[in-house]
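*Asks:* So I've got this file, data18.csv, and it contains CSV, C-alpha atoms:
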chain,number,residue,atom,x,y,z
A,54,MET,CA,-122.2,-83.8,-85.1
A,55,ARG,CA,-122.1,-87.2,-86.7
A,56,LYS,CA,-118.7,-88.8,-87.2
A,57,ALA,CA,-117.8,-91.0,-90.1
A,58,ASN,CA,-117.4,-94.7,-89.3
A,59,LYS,CA,-114.0,-96.3,-89.2
A,60,GLN,CA,-114.5,-97.9,-92.6
A,61,MET,CA,-114.7,-94.5,-94.3
A,62,GLU,CA,-111.6,-92.9,-92.6
A,63,ARG,CA,-109.4,-93.4,-95.6
A,64,VAL,CA,-112.1,-92.0,-97.9
A,65,ASN,CA,-112.2,-88.9,-95.8
A,66,ALA,CA,-108.4,-88.7,-95.8
A,67,ILE,CA,-108.7,-88.7,-99.6
A,68,LEU,CA,-111.1,-85.8,-99.5
A,69,ARG,CA,-108.9,-83.8,-97.1
A,70,HIS,CA,-105.7,-84.5,-99.0
A,71,PRO,CA,-104.3,-81.3,-100.6
A,72,ASP,CA,-103.4,-83.1,-103.8
A,73,TYR,CA,-107.0,-84.4,-104.2
A,74,GLN,CA,-108.4,-80.9,-103.5
A,75,SER,CA,-106.0,-79.4,-106.1
A,76,TRP,CA,-107.0,-81.9,-108.8
A,77,ILE,CA,-110.7,-81.1,-108.2
A,78,ILE,CA,-110.0,-77.4,-108.4
A,79,ALA,CA,-108.0,-78.0,-111.6
A,80,ASN,CA,-111.0,-79.8,-113.1
A,81,ASN,CA,-113.3,-77.0,-112.1
A,82,GLN,CA,-111.0,-74.4,-113.6
A,83,ALA,CA,-110.5,-76.4,-116.8
A,84,GLU,CA,-114.3,-76.7,-117.2
A,85,GLN,CA,-115.3,-73.1,-116.6
A,86,GLY,CA,-117.8,-72.2,-119.2
A,87,ARG,CA,-118.3,-75.9,-120.2
A,88,ASP,CA,-121.9,-76.5,-121.3
A,89,PHE,CA,-121.9,-80.2,-120.8
A,90,CYS,CA,-121.3,-82.6,-117.9
A,91,ARG,CA,-118.6,-81.5,-115.4
A,92,HIS,CA,-116.2,-83.5,-113.4
A,93,GLY,CA,-116.0,-81.8,-110.0
A,94,LEU,CA,-116.7,-83.0,-106.5
A,95,GLU,CA,-120.5,-83.1,-107.0
A,96,HIS,CA,-120.0,-85.6,-109.9
A,97,ALA,CA,-117.6,-87.7,-107.9
A,98,PHE,CA,-120.1,-87.9,-105.0
A,99,ASP,CA,-122.9,-88.8,-107.4
A,100,VAL,CA,-120.8,-91.6,-108.9
A,101,ALA,CA,-119.7,-92.8,-105.5
A,102,ARG,CA,-123.3,-93.1,-104.2
A,103,ILE,CA,-124.6,-94.8,-107.3
A,104,ALA,CA,-121.6,-97.1,-107.5
A,105,TYR,CA,-122.1,-98.3,-104.0
A,106,ALA,CA,-125.8,-99.0,-104.5
A,107,LEU,CA,-124.9,-101.0,-107.7
A,108,TRP,CA,-122.2,-102.8,-105.7
A,109,LEU,CA,-124.7,-103.9,-103.1
A,110,ASP,CA,-127.3,-104.8,-105.7
A,111,CYS,CA,-124.7,-107.1,-107.3
A,112,GLY,CA,-124.0,-108.9,-104.0
A,113,GLY,CA,-120.8,-106.9,-103.3
A,114,ASN,CA,-119.4,-107.1,-99.8
A,115,PRO,CA,-120.5,-104.1,-97.7
A,116,VAL,CA,-117.1,-104.1,-96.1
A,117,ALA,CA,-115.7,-102.8,-99.4
A,118,LYS,CA,-117.6,-99.6,-99.1
A,119,ASP,CA,-114.5,-97.4,-98.8
A,120,ILE,CA,-112.9,-99.2,-101.8
A,121,VAL,CA,-116.0,-98.4,-104.0
A,122,TYR,CA,-116.1,-94.8,-102.7
A,123,ALA,CA,-112.3,-94.3,-103.2
A,124,ALA,CA,-112.5,-95.5,-106.8
A,125,ALA,CA,-115.5,-93.3,-107.6
A,126,LEU,CA,-113.9,-90.2,-106.0
A,127,LEU,CA,-110.7,-90.7,-107.9
A,128,HIS,CA,-112.1,-91.8,-111.3
A,129,ASP,CA,-111.9,-88.4,-113.0
A,130,VAL,CA,-109.2,-86.5,-111.0
A,131,GLY,CA,-106.9,-86.4,-114.0
A,132,ARG,CA,-109.5,-84.9,-116.3
A,133,TRP,CA,-107.8,-81.5,-116.3
A,134,GLN,CA,-104.7,-83.1,-117.9
A,135,GLN,CA,-106.8,-84.3,-120.8
A,136,TYR,CA,-108.1,-80.7,-121.3
A,137,ALA,CA,-104.5,-79.5,-121.4
A,138,ASP,CA,-103.4,-82.3,-123.8
A,139,PRO,CA,-106.1,-84.1,-125.7
A,140,ASP,CA,-103.7,-87.0,-126.3
A,141,ILE,CA,-103.8,-87.8,-122.6
A,142,ASP,CA,-106.5,-90.3,-121.5
A,143,HIS,CA,-108.0,-88.9,-118.4
A,144,ALA,CA,-108.7,-92.4,-117.0
A,145,GLU,CA,-105.0,-93.3,-117.3
A,146,ALA,CA,-104.0,-90.0,-115.8
A,147,SER,CA,-106.5,-90.4,-113.0
A,148,ALA,CA,-105.1,-93.8,-112.1
A,149,GLU,CA,-101.5,-92.5,-112.1
A,150,LEU,CA,-102.5,-89.7,-109.8
A,151,ALA,CA,-104.5,-92.0,-107.5
A,152,GLU,CA,-101.9,-94.6,-106.7
A,153,PRO,CA,-99.5,-92.6,-104.5
A,154,LEU,CA,-102.5,-90.9,-102.8
A,155,LEU,CA,-104.1,-94.2,-102.0
A,156,LEU,CA,-100.9,-95.4,-100.5
A,157,ALA,CA,-100.4,-92.2,-98.6
A,158,VAL,CA,-103.9,-92.5,-96.9
A,159,GLY,CA,-103.2,-96.1,-95.8
A,160,TYR,CA,-104.5,-98.5,-98.5
A,161,HIS,CA,-102.5,-101.7,-98.9
A,162,PRO,CA,-100.6,-101.8,-102.2
A,163,GLU,CA,-102.8,-104.6,-103.6
A,164,VAL,CA,-106.0,-102.8,-102.8
A,165,ALA,CA,-104.6,-99.5,-104.2
A,166,ALA,CA,-103.7,-101.5,-107.4
A,167,GLU,CA,-107.3,-102.8,-107.6
A,168,ILE,CA,-108.8,-99.3,-107.2
A,169,CYS,CA,-106.4,-97.9,-109.8
A,170,LYS,CA,-107.3,-100.7,-112.3
A,171,ALA,CA,-111.0,-99.8,-111.9
A,172,VAL,CA,-110.2,-96.1,-112.4
A,173,ARG,CA,-108.0,-96.9,-115.5
A,174,LEU,CA,-110.8,-99.1,-117.0
A,175,HIS,CA,-113.9,-97.1,-116.1
A,176,ARG,CA,-114.3,-95.6,-119.6
A,177,GLN,CA,-114.1,-99.0,-121.3
A,178,GLY,CA,-117.1,-100.6,-119.4
A,179,ALA,CA,-115.0,-103.6,-118.5
A,180,GLU,CA,-116.9,-106.8,-117.8
A,181,GLY,CA,-117.5,-107.5,-114.2
A,182,GLY,CA,-116.1,-106.2,-111.0
A,183,LEU,CA,-115.4,-102.7,-109.7
A,184,ALA,CA,-114.5,-101.3,-113.1
A,185,GLN,CA,-117.9,-102.2,-114.6
A,186,ILE,CA,-119.7,-100.8,-111.6
A,187,LEU,CA,-117.7,-97.6,-111.8
A,188,SER,CA,-118.5,-97.3,-115.5
A,189,GLN,CA,-122.2,-97.9,-115.0
A,190,ALA,CA,-122.4,-95.4,-112.1
A,191,ASP,CA,-120.5,-92.8,-114.2
A,192,LYS,CA,-123.0,-93.0,-117.0
A,193,MET,CA,-126.0,-93.2,-114.7
A,194,SER,CA,-124.9,-90.0,-112.8
A,195,ARG,CA,-125.6,-87.8,-115.8
A,196,PRO,CA,-128.9,-85.9,-115.5
A,197,CYS,CA,-129.5,-85.6,-119.2
A,198,PHE,CA,-133.2,-85.0,-118.8
A,199,LEU,CA,-132.5,-81.7,-117.1
A,200,CYS,CA,-129.5,-80.6,-119.1
A,201,PRO,CA,-129.9,-77.3,-120.9
A,202,SER,CA,-127.3,-78.4,-123.5
A,203,ARG,CA,-128.9,-81.7,-124.2
A,204,ALA,CA,-129.7,-80.9,-127.9
A,205,LYS,CA,-126.0,-80.0,-128.5
A,206,CYS,CA,-124.6,-83.0,-126.7
A,207,ALA,CA,-122.6,-85.5,-128.8
A,208,TRP,CA,-123.9,-88.5,-126.8
A,209,PRO,CA,-126.3,-90.6,-128.9
A,210,GLU,CA,-129.9,-90.3,-127.7
A,211,GLN,CA,-130.0,-94.0,-126.6
A,212,LYS,CA,-127.1,-93.3,-124.1
A,213,LYS,CA,-128.7,-90.2,-122.6
A,214,ASN,CA,-130.3,-90.5,-119.2
A,215,VAL,CA,-133.8,-89.4,-119.8
A,216,GLU,CA,-135.6,-91.5,-117.2
A,217,LEU,CA,-134.8,-93.1,-113.9
A,218,ILE,CA,-133.8,-96.7,-114.6
A,219,TYR,CA,-132.5,-97.6,-111.1
Starting from the file, lay out its structure as structure tokens.
*Replies:*
Amino acid sequence: MRKANKQMERVNAILRHPDYQSWIIANNQAEQGRDFCRHGLEHAFDVARIAYALWLDCGGNPVAKDIVYAAALLHDVGRWQQYADPDIDHAEASAELAEPLLLAVGYHPEVAAEICKAVRLHRQGAEGGLAQILSQADKMSRPCFLCPSRAKCAWPEQKKNVELIY
């Protein structure tokens, strides 16, 4: 069996953490019966892989792989809170949930703050850096061309992913 490299140990600690797993389960439960894009583990993995590819394409340091993956895996973990209370911004909720988890798995407080900032800003498409990459990857991860609910989707047609642009 292949073992993850040392660089990804903290990412795997996130995946194994009971809080992370409970948040993903809460997202899945909140989205039961949802016709549109979902925010479970599959979406988090898709965003992580796309974000890392974009990061490398932009000249990002490969040493930051675990930082990019951590941000992507955590970017929607608070989505279930927004379903419970529409006044809650899931990006803000996700960042608040992420910080103590990042510290618990061994991230330096400054790095944890950088990851949380990207999570917090991922919906705004912030200019430059990890937040912008996360925002792009989040949008690119949506397979609109195969979505059975595409006609009912509120996203404008020009935003829907109907061809491979990468």
*Asks:* Using only C-alpha atoms, which of A:Ala117, A:Cys206, A:Ala123, A:Ala97 sits nearest Leu156 in chain A?
*Replies:*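 Closest to Leu156 in chain A of all the choices is A:Ala123.
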*Asks:* Name all residues at most 10 Å from Ala83 in chain A (count only C-alpha atoms; drop same-chain ones fewer than 5 positions away) and give them as a PyMOL selection string.
*Replies:* chain A and resi 77-78+91-92+132-137
*Asks:* At what distance in Å, to one decimal, does CA of Gln189 in chain A lie from CA of Asp99 in chain A?
*Replies:*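 Value for the CA of Asp99 in chain A-CA of Gln189 in chain A distance: 11.9 Å.
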*Asks:* Could you state the separation of CA of Lys205 in chain A and CA of Arg87 in chain A in Å, given to one decimal place?
*Replies:*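 One can read the CA of Lys205 in chain A to CA of Arg87 in chain A distance as 12.0 Å.
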*Asks:* Which of these, A:Ile186, A:Leu150, A:Ile120, A:Leu127, has the shortest distance to Val164 in chain A once you count only C-alpha atoms?
*Replies:*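 For Val164 in chain A, the nearest of the given residues is A:Ile120.
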*Asks:* Using all atoms listed in the file, which of A:Leu187, A:Leu155, A:Cys111, A:Cys90 sits nearest Arg203 in chain A?
*Replies:* A:Cys90
*Asks:* Would you mind reading off the distance between CA of Met61 in chain A and CA of Val116 in chain A, one decimal, in Å?
*Replies:*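 Calculated distance between CA of Met61 in chain A and CA of Val116 in chain A is 10.1 Å.
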*Asks:* Go through A:Ala204, A:Leu183, A:Val64, A:Ala157 one by one, measure the shortest atom-to-atom distance of each to Gly113 in chain A using only C-alpha atoms, and give the residue with the smallest value.
*Replies:*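 The shortest atom-to-atom distance to Gly113 in chain A comes from A:Leu183.
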